[in-house]
Amino acid sequence: MPFIIITYSLISGFRNVGADTETYISIYGNVDQFSMYMLPLQVVTYVEVGYNNIMYLFKHFGASFEIFSTAMTLFFLIGVFHSYKSITNNYYVAAMSLIFFLFTFTCYQLTFNQVRQGVSIVFVLFATNSLYVNDHKKYLSWVLVSSLFHSSALMFLALPVFRSFIESMSTKTRWTIIALMPVMMNIGFGKEIVSAIITVSNGVIDLGNVGDRVSRYSDSDLFGRQSEFGLITILSLLGLCVLNMYSEVNDKSTRFFTSLVTFGYFVFSITFDFVVISQRILYVFDIIMVCLLVNTLVNHDKDNEKFLLSAVIFIALSLKVVVTRA
């Protein structure tokens, strides 16, 4: 596993591919200060303060952008693997989950043009593990740390409010939620919800650059558009169906995370008309779902069904990566 993580990180870090790669190279070159004002919503050199400070330290010690990217990819992959191991308590399942993850996510999505959120997601994953053991203080701490690298992490502050609902979610409730998702995607009122949250939040604290950025995204034809309901979305819903069909063969931990992912995809469907928000929600729960699918395969004890389930998941993930890279 270490060899795979290191090799992938080196390839990813030195390939300089991604929609925003040139922008990040420019930002890295312009970083010239370390800020001690480490609070959420603080922006320095066009990015969140935590990410700015990490760039500054690497640049201060003479690291090139490629070395910085490699290090961030290493941190991201090790963090995801650690989270997978925490969810399943099984090294083999965690390793297989990470391999599936590398197969189904293109390099640039979480290492270049999404590099800030890639680092942020690691802390969000740590937070979800804390939520499972009912440690709300640690959950809050991880989310706040995560927001220092990508402000979208602040969305997860609301998650503990729904914890009891998520934990007690029955199979029937999960299926009802899945059935409602296509309906919610067609209704589309994510912009109204986000706008209301921004308005209320601005009345309490100054959102500054982040609030302005979200407003610009909402008005933009590119960033304020609806997500695409295509093969990838269908495959994600298929993954949810597979998880819920076999959820009872898994232990308490993975049943909880199955409910969490189902809830997360429901929020994704509500914000479907605002691609910038919905996709950032999707990244987190897609990563967790990969682990849950592999864990379901390992724990299922009927050989004939396991073969069919393996084939369905493999074909689905293969189609997903082909469509994503097309």
# chains A, B, ... in the order shown; residues from 1 in each chain; ligands from 1
call {"tool": "residues_around", "arguments": {"residues": "range 85-92 of chain A", "least_positions_apart": "3", "cutoff": "12 Å", "atoms": "only C-alpha atoms", "output": "number ranges by chain"}}
result
A: 1, 78-82, 95-99, 125-133, 250-258, 288-296, 298-299
call {"tool": "residues_around", "arguments": {"residues": "Ala179 in chain A", "least_positions_apart": "3", "cutoff": "12 Å", "atoms": "only C-alpha atoms", "output": "list in words"}}
result
Lys172, Thr173, Arg174, Trp175, Thr176, Pro182, Val183, Met184, Met185, Leu237, Leu238, Leu240, Cys241, Thr262, Tyr265, Phe266 and Ser269 of chain A
call {"tool": "select_by_dssp", "arguments": {"residues": "range 42-150 of chain A", "states": "alpha helix (DSSP H)", "output": "MDAnalysis selection string"}}
result
chainID A and resid 49:60 65:88 91:104 115:132 136:147
call {"tool": "write_last_selection", "arguments": {"atoms": "C-alpha atoms", "output": "compact mmCIF listing (two decimals), in the first residue's frame"}}
result
# COMPACT_ATOMS: atom_id res chain seq x y z
CA VAL A 49 -5.53 31.11 5.48
CA GLY A 50 -4.61 27.50 6.32
CA TYR A 51 -3.84 26.65 2.73
CA ASN A 52 -1.92 29.90 2.29
CA ASN A 53 0.25 29.13 5.32
CA ILE A 54 1.04 25.61 4.12
CA MET A 55 2.09 27.01 0.73
CA TYR A 56 4.20 29.67 2.44
CA LEU A 57 6.09 27.10 4.53
CA PHE A 58 6.83 24.89 1.52
CA LYS A 59 7.93 27.87 -0.54
CA HIS A 60 10.01 29.28 2.33
CA PHE A 65 5.11 23.66 -6.81
CA GLU A 66 5.51 20.04 -7.91
CA ILE A 67 6.98 19.03 -4.54
CA PHE A 68 4.16 20.88 -2.80
CA SER A 69 1.54 19.09 -4.95
CA THR A 70 3.16 15.71 -4.27
CA ALA A 71 3.12 16.35 -0.53
CA MET A 72 -0.54 17.42 -0.59
CA THR A 73 -1.46 14.30 -2.57
CA LEU A 74 0.41 12.13 -0.07
CA PHE A 75 -1.42 13.78 2.80
CA PHE A 76 -4.76 13.35 1.04
CA LEU A 77 -4.32 9.66 0.19
CA ILE A 78 -2.88 8.71 3.59
CA GLY A 79 -5.75 10.58 5.24
CA VAL A 80 -8.37 8.80 3.13
CA PHE A 81 -6.76 5.43 3.85
CA HIS A 82 -6.68 6.16 7.59
CA SER A 83 -10.35 7.13 7.49
CA TYR A 84 -11.25 3.95 5.59
CA LYS A 85 -9.42 1.88 8.20
CA SER A 86 -11.28 3.69 10.99
CA ILE A 87 -14.65 3.02 9.35
CA THR A 88 -14.06 -0.69 8.69
CA TYR A 91 -6.54 -3.01 6.79
CA TYR A 92 -7.40 -5.21 3.80
CA VAL A 93 -10.76 -3.51 3.21
CA ALA A 94 -9.15 -0.09 3.63
CA ALA A 95 -6.44 -0.95 1.08
CA MET A 96 -8.93 -2.33 -1.45
CA SER A 97 -11.15 0.72 -0.93
CA LEU A 98 -8.28 3.08 -1.67
CA ILE A 99 -7.42 1.15 -4.86
CA PHE A 100 -11.06 1.41 -5.97
CA PHE A 101 -10.94 5.10 -5.13
CA LEU A 102 -7.81 5.69 -7.22
CA PHE A 103 -9.47 3.83 -10.08
CA THR A 104 -12.68 5.87 -10.00
CA VAL A 115 -6.47 20.57 -4.23
CA ARG A 116 -7.71 22.81 -1.42
CA GLN A 117 -10.82 20.73 -0.95
CA GLY A 118 -8.75 17.56 -1.16
CA VAL A 119 -6.82 18.63 1.95
CA SER A 120 -10.03 19.87 3.57
CA ILE A 121 -11.85 16.59 2.93
CA VAL A 122 -9.30 14.63 4.96
CA PHE A 123 -10.30 16.62 8.05
CA VAL A 124 -14.00 16.25 7.21
CA LEU A 125 -13.51 12.46 7.08
CA PHE A 126 -11.84 12.59 10.49
CA ALA A 127 -14.83 14.61 11.68
CA THR A 128 -17.35 12.00 10.48
CA ASN A 129 -15.48 9.32 12.44
CA SER A 130 -15.76 11.54 15.54
CA LEU A 131 -19.47 12.00 14.87
CA TYR A 132 -19.96 8.23 14.86
CA HIS A 136 -19.17 16.42 19.10
CA LYS A 137 -16.33 18.57 20.41
CA LYS A 138 -13.79 16.73 18.29
CA TYR A 139 -16.21 16.81 15.34
CA LEU A 140 -16.52 20.59 15.62
CA SER A 141 -12.74 20.96 15.92
CA TRP A 142 -12.05 18.89 12.78
CA VAL A 143 -14.66 20.80 10.75
CA LEU A 144 -13.19 24.16 11.80
CA VAL A 145 -9.68 22.98 10.93
CA SER A 146 -11.01 21.74 7.59
CA SER A 147 -12.55 25.15 6.86
call {"tool": "atom_distance", "arguments": {"atom1": "CA of Ile270 in chain A", "atom2": "CA of Asn186 in chain A"}}
result
9.0 Å
